[in-house]
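Asker: Sharing structure-v3.txt, compact mmCIF, C-alpha atoms:
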# COMPACT_ATOMS: atom_id res chain seq x y z
CA MET A 1 -4.84 25.12 -55.55
CA ARG A 2 -2.35 25.65 -58.34
CA ARG A 3 -5.25 25.19 -60.66
CA LEU A 4 -7.87 26.57 -58.05
CA ARG A 5 -10.19 25.34 -59.67
CA ALA A 6 -22.75 15.10 -75.02
CA CYS A 7 -19.81 15.49 -77.60
CA LEU A 8 -20.13 17.34 -80.86
CA GLY A 9 -21.20 15.04 -83.64
CA ALA A 10 -19.16 13.93 -86.62
CA ALA A 11 -20.70 16.63 -88.79
CA ALA A 12 -19.30 19.33 -86.51
CA ALA A 13 -15.86 17.74 -86.59
CA VAL A 14 -15.91 17.61 -90.39
CA THR A 15 -17.10 21.19 -90.59
CA LEU A 16 -14.17 22.28 -88.41
CA ALA A 17 -11.56 21.53 -91.02
CA ALA A 18 -13.37 23.63 -93.60
CA ALA A 19 -14.30 26.49 -91.30
CA GLY A 20 -11.23 26.58 -89.09
CA THR A 21 -8.98 28.52 -91.46
CA THR A 22 -11.39 31.45 -91.34
CA ALA A 23 -11.98 31.23 -87.61
CA LEU A 24 -9.71 34.12 -86.67
CA MET A 25 -11.22 36.34 -89.34
CA ALA A 26 -14.70 35.54 -88.12
CA SER A 27 -13.59 36.16 -84.57
CA ASN A 28 -12.21 39.54 -85.45
CA ALA A 29 -15.64 40.51 -86.70
CA SER A 30 -16.96 39.76 -83.20
CA GLY A 31 -14.61 42.17 -81.50
CA ALA A 32 -11.08 40.76 -81.39
CA THR A 33 -8.22 43.18 -81.67
CA SER A 34 -5.07 42.69 -83.70
CA ALA A 35 -2.74 40.11 -82.21
CA LEU A 36 0.02 41.17 -79.86
CA SER A 37 3.53 39.89 -80.43
CA ASN A 38 4.03 36.26 -79.41
CA ARG A 39 6.33 37.49 -76.64
CA TRP A 40 3.33 38.98 -74.85
CA TYR A 41 1.33 35.75 -75.01
CA ALA A 42 4.44 33.96 -73.74
CA ALA A 43 4.57 36.36 -70.77
CA ALA A 44 0.86 36.30 -69.89
CA PRO A 45 0.29 35.34 -66.22
CA TYR A 46 -2.70 33.20 -65.28
CA LEU A 47 -5.86 34.90 -64.05
CA MET A 48 -9.07 33.20 -62.97
CA PRO A 49 -11.81 35.52 -64.26
CA LEU A 50 -14.70 33.97 -62.32
CA ASP A 51 -13.11 32.61 -59.11
CA ASN A 52 -10.59 33.47 -56.39
CA ASP A 53 -11.57 37.13 -56.07
CA PRO A 54 -10.61 38.17 -59.62
CA PRO A 55 -8.48 41.33 -59.73
CA ASP A 56 -9.23 44.18 -62.13
CA PRO A 57 -6.99 43.61 -65.17
CA ALA A 58 -7.25 47.27 -66.16
CA ALA A 59 -5.74 48.31 -62.82
CA ILE A 60 -2.90 45.81 -63.25
CA MET A 61 -2.23 47.15 -66.75
CA ASP A 62 -2.09 50.72 -65.45
CA VAL A 63 0.38 49.92 -62.67
CA THR A 64 2.68 47.45 -64.41
CA GLY A 65 2.39 47.90 -68.17
CA LEU A 66 1.20 44.29 -68.53
CA LYS A 67 -0.72 43.69 -71.76
CA ALA A 68 -1.62 39.98 -71.82
CA PHE A 69 -3.53 37.67 -69.50
CA GLN A 70 -3.85 33.87 -69.44
CA LEU A 71 -7.50 33.25 -68.48
CA ALA A 72 -8.16 29.91 -66.74
CA PHE A 73 -9.69 27.31 -67.03
CA VAL A 74 -11.92 25.84 -69.74
CA LEU A 75 -13.24 22.38 -68.81
CA ALA A 76 -15.91 19.90 -69.84
CA PRO A 77 -19.30 20.37 -68.13
CA ASN A 78 -19.48 18.90 -64.63
CA GLY A 79 -22.62 17.03 -65.65
CA GLY A 80 -20.95 15.45 -68.67
CA GLY A 81 -20.66 16.35 -72.33
CA CYS A 82 -18.21 17.70 -74.88
CA SER A 83 -18.90 21.44 -74.79
CA PRO A 84 -16.60 24.09 -73.31
CA THR A 85 -17.35 25.69 -69.94
CA TRP A 86 -15.52 27.90 -67.51
CA GLY A 87 -14.61 25.76 -64.52
CA GLY A 88 -17.10 23.07 -65.47
CA THR A 89 -20.11 25.22 -64.62
CA ALA A 90 -20.41 28.31 -66.87
CA PRO A 91 -20.99 27.51 -70.57
CA VAL A 92 -18.74 29.43 -72.92
CA SER A 93 -21.61 29.71 -75.41
CA SER A 94 -23.70 31.93 -73.11
CA ASP A 95 -20.85 33.69 -71.31
CA THR A 96 -20.94 37.47 -70.89
CA ALA A 97 -18.81 37.92 -67.74
CA VAL A 98 -15.50 36.72 -69.20
CA GLN A 99 -16.27 38.48 -72.47
CA SER A 100 -16.67 41.73 -70.55
CA MET A 101 -13.24 41.28 -68.95
CA ILE A 102 -11.70 40.55 -72.36
CA ASN A 103 -13.34 43.66 -73.80
CA THR A 104 -11.84 45.73 -70.97
CA VAL A 105 -8.34 44.38 -71.64
CA ARG A 106 -8.61 44.91 -75.39
CA ALA A 107 -9.97 48.43 -74.99
CA LYS A 108 -6.66 49.26 -73.27
CA GLY A 109 -4.56 47.75 -76.06
CA GLY A 110 -4.05 44.33 -74.48
CA ASP A 111 -5.23 40.82 -75.24
CA VAL A 112 -5.84 37.42 -73.64
CA SER A 113 -5.01 33.78 -74.12
CA VAL A 114 -7.27 31.07 -72.73
CA SER A 115 -5.98 28.07 -70.81
CA ILE A 116 -7.77 24.74 -71.00
CA GLY A 117 -7.42 21.96 -68.44
CA GLY A 118 -5.57 22.70 -65.23
CA TYR A 119 -5.42 20.68 -62.02
CA GLY A 120 -8.61 18.75 -61.26
CA GLY A 121 -11.97 18.76 -63.00
CA THR A 122 -12.99 16.89 -66.15
CA LYS A 123 -11.09 17.94 -69.25
CA LEU A 124 -12.56 17.99 -72.74
CA GLY A 125 -9.93 15.49 -73.85
CA GLN A 126 -11.45 13.06 -71.36
CA ALA A 127 -15.05 13.78 -72.33
CA CYS A 128 -14.90 14.08 -76.12
CA ALA A 129 -14.88 11.06 -78.44
CA ASP A 130 -11.73 11.86 -80.37
CA ALA A 131 -9.26 14.59 -81.31
CA ALA A 132 -11.57 16.10 -83.93
CA ALA A 133 -14.46 16.44 -81.47
CA THR A 134 -12.09 17.86 -78.84
CA ALA A 135 -10.77 20.41 -81.34
CA ALA A 136 -14.31 21.35 -82.36
CA ALA A 137 -15.12 22.15 -78.73
CA TYR A 138 -12.01 24.32 -78.39
CA GLN A 139 -12.72 26.01 -81.69
CA GLN A 140 -15.92 27.33 -80.13
CA VAL A 141 -13.76 29.11 -77.52
CA ILE A 142 -11.37 30.51 -80.13
CA THR A 143 -14.23 31.76 -82.27
CA LYS A 144 -16.30 33.14 -79.37
CA TYR A 145 -13.46 35.28 -78.03
CA GLY A 146 -11.45 35.87 -81.21
CA LEU A 147 -8.37 34.27 -79.67
CA HIS A 148 -4.86 34.56 -80.98
CA ALA A 149 -3.38 32.26 -78.31
CA ILE A 150 -4.35 29.15 -76.35
CA ASP A 151 -2.69 27.12 -73.60
CA PHE A 152 -3.09 23.35 -73.09
CA ASP A 153 -2.54 22.80 -69.37
CA LEU A 154 -2.15 19.01 -69.13
CA GLU A 155 -2.11 17.91 -65.48
CA GLU A 156 -3.65 15.36 -63.14
CA PRO A 157 -5.77 13.43 -63.58
CA GLU A 158 -5.93 13.88 -67.35
CA TYR A 159 -2.27 13.46 -68.21
CA GLU A 160 -2.37 9.99 -66.64
CA ASN A 161 -4.99 9.02 -69.25
CA SER A 162 -3.21 8.21 -72.52
CA ALA A 163 -6.41 8.37 -74.59
CA ALA A 164 -7.24 11.82 -73.21
CA VAL A 165 -3.71 13.09 -73.87
CA LYS A 166 -3.92 11.75 -77.41
CA ASN A 167 -7.16 13.72 -77.88
CA GLU A 168 -5.64 16.91 -76.45
CA ILE A 169 -2.45 16.75 -78.52
CA GLY A 170 -4.45 15.87 -81.62
CA ALA A 171 -6.81 18.78 -80.95
CA ALA A 172 -3.89 21.16 -80.46
CA LYS A 173 -2.46 20.11 -83.80
CA ILE A 174 -5.82 20.60 -85.57
CA LEU A 175 -6.29 24.06 -84.02
CA GLN A 176 -2.74 25.04 -84.96
CA GLN A 177 -3.39 24.01 -88.56
CA ASN A 178 -6.85 25.58 -88.84
CA ASN A 179 -6.02 28.90 -87.15
CA PRO A 180 -2.91 30.30 -88.86
CA GLY A 181 -0.73 32.26 -86.47
CA LEU A 182 -2.36 30.82 -83.33
CA TYR A 183 0.15 30.82 -80.45
CA VAL A 184 -0.02 27.43 -78.71
CA SER A 185 1.63 26.52 -75.41
CA VAL A 186 1.52 23.16 -73.65
CA THR A 187 2.00 23.25 -69.88
CA THR A 188 2.64 20.21 -67.68
CA ALA A 189 4.04 19.20 -64.29
CA GLY A 190 7.65 19.82 -63.35
CA THR A 191 9.95 17.53 -61.37
CA ALA A 192 13.56 17.75 -60.28
CA ASP A 193 14.63 15.85 -63.40
CA GLY A 194 12.51 18.09 -65.65
CA THR A 195 9.17 16.34 -65.87
CA GLY A 196 7.84 12.99 -64.69
CA TRP A 197 6.90 9.82 -66.53
CA PHE A 198 3.51 11.14 -67.65
CA GLY A 199 5.04 14.37 -68.89
CA LYS A 200 7.55 12.40 -70.93
CA GLN A 201 4.76 10.24 -72.35
CA MET A 202 2.94 13.43 -73.40
CA LEU A 203 6.06 14.60 -75.26
CA LEU A 204 6.30 11.25 -77.01
CA GLU A 205 2.64 11.55 -78.04
CA ALA A 206 3.37 14.98 -79.51
CA LYS A 207 6.35 13.55 -81.39
CA SER A 208 4.29 10.64 -82.75
CA GLN A 209 1.65 13.05 -84.05
CA GLY A 210 4.20 15.41 -85.55
CA PHE A 211 2.98 18.27 -83.35
CA THR A 212 5.28 21.10 -82.27
CA PRO A 213 3.73 23.94 -80.23
CA ASN A 214 5.38 27.28 -79.62
CA ASN A 215 6.60 25.80 -76.34
CA PHE A 216 6.36 23.02 -73.81
CA SER A 217 6.33 24.59 -70.33
CA ILE A 218 6.91 22.89 -66.98
CA MET A 219 5.70 23.96 -63.54
CA PRO A 220 8.61 23.45 -61.13
CA PHE A 221 6.69 23.70 -57.86
CA ASP A 222 4.71 21.37 -55.59
CA GLY A 223 7.38 18.72 -56.09
CA GLY A 224 10.00 19.25 -53.39
CA PHE A 225 11.43 22.43 -54.88
CA ASN A 226 13.20 25.02 -52.76
CA GLY A 227 13.76 28.39 -54.41
CA ALA A 228 15.15 29.39 -57.76
CA ALA A 229 18.21 27.12 -57.88
CA SER A 230 16.05 24.00 -57.83
CA GLN A 231 13.82 25.48 -60.53
CA THR A 232 16.61 26.42 -62.93
CA SER A 233 18.11 22.96 -62.41
CA ALA A 234 14.77 21.42 -63.45
CA LEU A 235 14.65 23.68 -66.50
CA THR A 236 18.14 22.55 -67.51
CA ASN A 237 17.10 18.91 -67.13
CA PHE A 238 13.89 19.49 -69.07
CA ASN A 239 15.94 21.01 -71.89
CA SER A 240 17.87 17.73 -72.13
CA ILE A 241 14.57 15.82 -72.30
CA LEU A 242 13.37 18.02 -75.16
CA GLN A 243 16.66 17.46 -76.99
CA SER A 244 16.54 13.68 -76.64
CA THR A 245 12.82 13.42 -77.46
CA PHE A 246 12.72 15.60 -80.55
CA GLY A 247 16.32 15.45 -81.74
CA TRP A 248 16.80 19.19 -81.19
CA ASP A 249 20.03 20.89 -80.35
CA GLN A 250 20.23 22.79 -77.06
CA ALA A 251 19.34 26.19 -78.52
CA THR A 252 16.32 24.83 -80.40
CA ALA A 253 15.12 23.08 -77.26
CA TYR A 254 15.37 26.30 -75.23
CA ALA A 255 13.49 28.15 -77.99
CA HIS A 256 10.61 25.69 -77.41
CA GLU A 257 10.83 25.63 -73.59
CA GLY A 258 8.78 27.53 -71.03
CA PHE A 259 8.57 28.17 -67.29
CA SER A 260 5.34 28.38 -65.33
CA GLY A 261 5.96 29.22 -61.67
CA MET A 262 3.88 29.82 -58.55
CA ASN A 263 4.34 33.11 -56.78
CA GLY A 264 4.76 33.09 -53.02
CA ARG A 265 3.80 30.00 -51.02
CA SER A 266 2.98 26.89 -53.06
CA ASP A 267 0.37 24.26 -52.19
CA SER A 268 3.04 22.07 -50.61
CA GLY A 269 4.58 24.86 -48.53
CA GLU A 270 7.48 25.83 -50.82
CA TYR A 271 8.30 29.55 -51.02
CA PHE A 272 9.19 31.49 -54.16
CA THR A 273 9.99 35.15 -53.54
CA GLN A 274 10.53 38.08 -55.86
CA ALA A 275 14.27 37.32 -55.77
CA ASP A 276 13.58 33.76 -56.94
CA PHE A 277 11.48 35.07 -59.81
CA GLN A 278 14.29 37.42 -60.84
CA THR A 279 16.78 34.56 -60.87
CA VAL A 280 14.55 32.35 -63.02
CA LEU A 281 13.76 35.30 -65.28
CA ASP A 282 17.48 35.89 -65.81
CA TYR A 283 17.90 32.20 -66.63
CA ALA A 284 14.97 32.23 -69.08
CA THR A 285 16.15 35.33 -70.92
CA SER A 286 19.82 34.34 -71.02
CA HIS A 287 18.89 30.96 -72.52
CA ASN A 288 16.39 32.48 -74.96
CA MET A 289 13.48 30.48 -73.56
CA ASP A 290 10.11 30.99 -75.19
CA ARG A 291 7.84 31.46 -72.17
CA PHE A 292 7.81 32.87 -68.63
CA THR A 293 4.51 32.84 -66.75
CA PHE A 294 3.12 32.15 -63.28
CA TRP A 295 0.11 31.09 -61.24
CA SER A 296 -1.48 33.51 -60.57
CA LEU A 297 -2.48 37.18 -60.71
CA ASN A 298 -5.30 36.38 -58.28
CA ARG A 299 -2.49 35.63 -55.80
CA ASP A 300 -0.25 38.58 -56.73
CA ARG A 301 -1.09 40.65 -53.64
CA GLN A 302 -0.20 40.56 -49.98
CA CYS A 303 -2.22 38.58 -47.46
CA SER A 304 -3.27 39.95 -44.10
CA PRO A 305 -1.14 39.10 -42.19
CA PRO A 306 1.53 38.90 -44.91
CA ASP A 307 2.35 35.23 -44.19
CA ASN A 308 -1.36 34.31 -44.05
CA GLY A 309 -0.70 32.28 -40.91
CA GLY A 310 1.60 29.93 -42.82
CA ARG A 311 -1.17 28.88 -45.21
CA THR A 312 -1.50 28.92 -48.99
CA SER A 313 -4.25 31.05 -50.46
CA GLY A 314 -5.88 31.36 -53.86
CA THR A 315 -6.25 35.11 -53.44
CA CYS A 316 -2.88 36.26 -52.02
CA SER A 317 0.74 35.11 -52.03
CA SER A 318 1.59 34.52 -48.33
CA VAL A 319 4.83 36.52 -48.75
CA THR A 320 5.58 40.18 -48.14
CA GLN A 321 4.97 42.13 -51.34
CA ASN A 322 3.38 45.09 -53.04
CA SER A 323 0.39 44.36 -55.24
CA TRP A 324 1.41 43.07 -58.67
CA ASP A 325 5.10 42.66 -57.80
CA PHE A 326 5.26 39.34 -59.62
CA ALA A 327 3.43 40.65 -62.71
CA LYS A 328 6.32 43.02 -63.27
CA TYR A 329 8.62 40.08 -64.05
CA SER A 330 6.24 39.08 -66.84
CA VAL A 331 6.49 42.59 -68.21
CA GLN A 332 10.28 42.39 -68.09
CA PHE A 333 10.16 39.11 -70.00
CA ALA A 334 8.01 40.71 -72.68
CA GLY A 335 10.69 43.39 -73.02
CA VAL A 336 8.61 46.34 -71.95
CA THR A 337 9.53 48.86 -69.27
CA PRO A 338 6.67 49.38 -66.80
CA PRO A 339 5.27 52.91 -66.60
CA THR A 340 6.18 55.03 -63.60
CA PRO A 341 2.99 55.31 -61.55
CA THR A 342 1.93 58.62 -60.04
CA PRO A 343 2.34 58.31 -56.27
CA THR A 344 -0.89 58.54 -54.33
CA PRO A 345 -1.13 59.21 -50.61
CA THR A 346 -1.71 56.12 -48.52
CA PRO A 347 -4.84 56.74 -46.46
CA THR A 348 -4.63 56.03 -42.76
CA PRO A 349 -6.93 53.08 -42.15
CA THR A 350 -9.79 53.72 -39.78
CA PRO A 351 -10.82 50.62 -37.84
CA SER A 352 -14.42 49.60 -38.47
CA SER A 353 -16.84 49.30 -35.60
CA CYS A 354 -17.38 45.73 -34.52
CA LYS A 355 -20.51 43.90 -35.64
CA PRO A 356 -22.56 41.81 -33.17
CA ALA A 357 -20.48 39.02 -31.67
CA TRP A 358 -20.54 35.63 -33.36
CA SER A 359 -22.60 32.96 -31.58
CA SER A 360 -22.02 29.23 -31.94
CA THR A 361 -25.77 28.55 -31.63
CA ALA A 362 -27.05 31.16 -34.07
CA VAL A 363 -27.91 30.38 -37.69
CA TYR A 364 -26.35 32.72 -40.25
CA THR A 365 -27.19 33.11 -43.93
CA GLN A 366 -25.34 34.75 -46.82
CA GLY A 367 -24.55 38.40 -46.08
CA ASN A 368 -24.95 38.25 -42.29
CA GLU A 369 -22.12 40.05 -40.47
CA VAL A 370 -20.56 39.26 -37.09
CA SER A 371 -17.43 40.06 -35.11
CA TYR A 372 -14.97 37.51 -33.78
CA ASN A 373 -11.40 37.83 -32.47
CA LYS A 374 -11.41 41.61 -33.14
CA HIS A 375 -12.30 41.15 -36.84
CA ASN A 376 -15.57 41.58 -38.69
CA TRP A 377 -16.74 38.63 -40.80
CA LYS A 378 -19.41 38.21 -43.48
CA ALA A 379 -21.19 34.90 -44.13
CA LYS A 380 -20.74 33.53 -47.65
CA TRP A 381 -23.51 30.96 -47.25
CA TRP A 382 -25.71 29.31 -44.58
CA THR A 383 -23.71 28.34 -41.53
CA GLN A 384 -24.03 27.38 -37.89
CA ASN A 385 -21.32 26.65 -35.30
CA GLU A 386 -18.45 27.18 -37.77
CA VAL A 387 -15.83 29.46 -36.19
CA PRO A 388 -14.88 32.48 -38.33
CA GLY A 389 -11.36 32.10 -39.66
CA ALA A 390 -11.01 28.44 -38.70
CA SER A 391 -10.61 27.51 -42.37
CA GLU A 392 -9.63 29.74 -45.29
CA TRP A 393 -12.18 27.86 -47.42
CA GLY A 394 -14.88 28.11 -44.75
CA PRO A 395 -18.15 30.05 -44.76
CA TRP A 396 -16.74 33.33 -43.40
CA GLN A 397 -15.09 36.18 -45.32
CA ASP A 398 -12.71 38.33 -43.27
CA GLU A 399 -13.68 42.01 -43.54
CA GLY A 400 -10.76 43.31 -41.50
CA ALA A 401 -9.97 44.45 -37.99
CA CYS A 402 -12.56 46.21 -35.86
Now that the file is in, can you turn its structure into C-alpha cells?
Answerer:
Amino acid sequence: MRRLRACLGAAAAVTLAAAGTTALMASNASGATSALSNRWYAAAPYLMPLDNDPPDPAAIMDVTGLKAFQLAFVLAPNGGGCSPTWGGTAPVSSDTAVQSMINTVRAKGGDVSVSIGGYGGTKLGQACADAAATAAAYQQVITKYGLHAIDFDLEEPEYENSAAVKNEIGAAKILQQNNPGLYVSVTTAGTADGTGWFGKQMLLEAKSQGFTPNNFSIMPFDGGFNGAASQTSALTNFNSILQSTFGWDQATAYAHEGFSGMNGRSDSGEYFTQADFQTVLDYATSHNMDRFTFWSLNRDRQCSPPDNGGRTSGTCSSVTQNSWDFAKYSVQFAGVTPPTPTPTPTPTPTPSSCKPAWSSTAVYTQGNEVSYNKHNWKAKWWTQNEVPGASEWGPWQDEGAC
C-alpha cells in the first residue's frame, strides 16, 4: 500500500554522457518551467497520477498553497525490458495523461518531481544491464517532462538485490552529473535504529561510488512505530548512521537527511495524526533537515466513515481530517504561508434514491449499479456473488448512502 502500486543498447548509454548536459535545456523547450527552489522539491508530497483516485492538484494548490508534487512511480515494463513506464503498464514515451497533470501544475506556477521504484513491481535497476543503461532509461523521463528533480525510492524487493542497487546508485550519479542542478533524493525503509541492513548496504554502495544526493530519506512507518516520538527517535538514529558511514558531522548529516511519512493509518495499523506530523515537522526544521514529505496526497482526505472501519486505504487516511490537512505541513516546511481560502457554504447532502437491490445470483458488469446495506454501489468490473463492501479492493465502488 505505501507504494500502492529489452534494455537500451550500448550506443544509447554512450550517447547519454554527451547529450545529458543539455537535457534540461532540451526539456525546457518541450514545456518545462523554471525550477522552483530546492526547498519545494524537498517538501513535495507523493501523488499517484494514474491510480488510487488521483486528486486534482490544482485544487490542492488553491486550498493549501502547495507548489510541488512527487509523482509516483516509474517502473520497468511488467512484460520485461529496460524502458520507463508508469506503474509497469503505461509507457512514458507515449504518455499524455501524466503530462496533462504536469502542465496543469506548471500553469499555476508549480512543478513536479518524479519518483522511481517504490514498494513492489520490477524496477529499472533490476531490468537494465548496468548503471549506464539504467540512467539512459531515466534520462528519457527527465527529458520527456523537463524535470528539475527526481526521487530514487529504493524498497523491497529491489533493495535486497545488490546488483540492482548498484545500478540505481550508479544511474543516480550519472543523472546528477549530466543534468546540472538536478535535485536528487534517495528514499528507503525506516526502522527503529534508523534503517535496516539493506538500507545500510545501500548507503555503503553510495559511499563506494562517491555519490552524494541532496538527501537520504527514511520512511519510519510499517515497522512497529507508534506516533511521532518513535519517528523522531529513528531520525536521530539515522543521523548517526549517516555520520558514521560518510564521516560527516551531525549538522552535515542532518543537512543530507530526509523524512518520508505516511499520513493516517499505515499498512500495519499504526496511526500518524496531524499532531504527529507537526511534531516531526518541528524536529525536521529545528535540525535543519533537507526533506519532509509523505505518502500520499491520494490519501489526504477523510474516509467515510472517518476510521474506514479500521482499515487502511489508498484513497483516504482513516483518521478524522479536513481534505489536504497533511499537505499543509509540506507547505510549512517549504516556508510558505498557505492562502486564506474563501469560505463556501457546505451544502446539505441529499440522500440518493436506492438502486435495485444487489442479488448474489445476478451477473454484473462494469457500470452496473445496485443497493446494499443502505448504500448504492457501482460495479468496477464483471462480478457475481461478491458482496458489496466486503473488501476495499473488491469489485464494488461505494457511491454513498441511499
Asker: With all atoms listed in the file as the counted atoms, please give the residues lying no more than 7 Å from Gln366 of chain A, apart from itself and same-chain residues fewer than 6 positions off, as number ranges by chain.
Answerer: A: 379-382
Asker: A:Thr383, A:Asn368, A:Thr188, A:Thr104: which is nearest Tyr119 of chain A, counting only C-alpha atoms?
Answerer: A:Thr188
Asker: Tell me, as a ChimeraX atom specification, which residues lie within 7 Å of segment 63-80 of chain A, counting all atoms listed in the file; anything in the same chain fewer than 2 positions away does not count.
Answerer: /A:6,40-41,44-49,59-61,82-89,110-118,121-124,127,328,331,338-339,341
Asker: What gap, in Å, lies between atom CA of Asn237 of chain A and atom CA of Ala163 of chain A?
Answerer: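 According to the coordinates, atom CA of Asn237 of chain A and atom CA of Ala163 of chain A are separated by 26.8 Å.
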Asker: So how many Å separate atom CA of Tyr159 of chain A and atom CA of Thr143 of chain A, to one decimal?
Answerer: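 So the two atoms, atom CA of Tyr159 of chain A and atom CA of Thr143 of chain A, lie 26.0 Å apart.
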Asker: With only C-alpha atoms as the basis for distance, which of A:Ser244, A:Ser37, A:Asn322, A:Asn298 is at the shortest distance from Gln274 of chain A?
Answerer: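 The answer is A:Asn322, which sits nearest to Gln274 of chain A.
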Asker: Which residue out of A:Ile142, A:Ile241, A:Cys354, A:Ala334 has the minimum interatomic distance to Ala284 of chain A when only C-alpha atoms are used?
Answerer: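 Looking at the shortest contact to Ala284 of chain A, the residue is A:Ala334.
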Asker: Which one of A:Leu175, A:Ala35, A:Ile150, A:Val165 sits closest to Glu205 of chain A if you count all atoms listed in the file?
Answerer: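 With all atoms listed in the file as the atom set, the closest residue is A:Val165.
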Asker: Out of A:Ser318, A:Thr273, A:Gln384, A:Ser230, which residue has the shortest atom-to-atom distance to Ser359 of chain A when counting all atoms listed in the file?
Answerer: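 Among the listed residues, A:Gln384 lies closest to Ser359 of chain A.
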Asker: Any idea what's packed within 12 Å of Thr236 of chain A, counting only C-alpha atoms, ignoring anything in its chain fewer than 5 positions away? Could you give it as a ChimeraX atom specification?
Answerer: /A:190-195,218,220,229-231,241-243,250-251,253-254,257-259,280,283-284,287,289
Asker: Restricting the output to C-alpha atoms, write the selected residues as a PDB file, keeping the file's coordinate frame.
Answerer:
ATOM      1  CA  GLY A 190       7.650  19.820 -63.350  1.00  0.00           C
ATOM      2  CA  THR A 191       9.950  17.530 -61.370  1.00  0.00           C
ATOM      3  CA  ALA A 192      13.560  17.750 -60.280  1.00  0.00           C
ATOM      4  CA  ASP A 193      14.630  15.850 -63.400  1.00  0.00           C
ATOM      5  CA  GLY A 194      12.510  18.090 -65.650  1.00  0.00           C
ATOM      6  CA  THR A 195       9.170  16.340 -65.870  1.00  0.00           C
ATOM      7  CA  ILE A 218       6.910  22.890 -66.980  1.00  0.00           C
ATOM      8  CA  PRO A 220       8.610  23.450 -61.130  1.00  0.00           C
ATOM      9  CA  ALA A 229      18.210  27.120 -57.880  1.00  0.00           C
ATOM     10  CA  SER A 230      16.050  24.000 -57.830  1.00  0.00           C
ATOM     11  CA  GLN A 231      13.820  25.480 -60.530  1.00  0.00           C
ATOM     12  CA  ILE A 241      14.570  15.820 -72.300  1.00  0.00           C
ATOM     13  CA  LEU A 242      13.370  18.020 -75.160  1.00  0.00           C
ATOM     14  CA  GLN A 243      16.660  17.460 -76.990  1.00  0.00           C
ATOM     15  CA  GLN A 250      20.230  22.790 -77.060  1.00  0.00           C
ATOM     16  CA  ALA A 251      19.340  26.190 -78.520  1.00  0.00           C
ATOM     17  CA  ALA A 253      15.120  23.080 -77.260  1.00  0.00           C
ATOM     18  CA  TYR A 254      15.370  26.300 -75.230  1.00  0.00           C
ATOM     19  CA  GLU A 257      10.830  25.630 -73.590  1.00  0.00           C
ATOM     20  CA  GLY A 258       8.780  27.530 -71.030  1.00  0.00           C
ATOM     21  CA  PHE A 259       8.570  28.170 -67.290  1.00  0.00           C
ATOM     22  CA  VAL A 280      14.550  32.350 -63.020  1.00  0.00           C
ATOM     23  CA  TYR A 283      17.900  32.200 -66.630  1.00  0.00           C
ATOM     24  CA  ALA A 284      14.970  32.230 -69.080  1.00  0.00           C
ATOM     25  CA  HIS A 287      18.890  30.960 -72.520  1.00  0.00           C
ATOM     26  CA  MET A 289      13.480  30.480 -73.560  1.00  0.00           C
TER      27      MET A 289
END
Asker: Nearest to Pro91 of chain A: which of A:Val319, A:Ala206, A:Val105, A:Ala137 is it, counting all atoms listed in the file?
Answerer: A:Ala137
Asker: What are the centre and edge lengths in Å, to one decimal, of the axis-aligned box around all listed atoms of segment 68-75 of chain A with 6 Å added on each side, as AutoDock Vina command-line options?
Answerer:
--center_x -7.4 --center_y 31.2 --center_z -69.3 --size_x 23.6 --size_y 29.6 --size_z 17.1
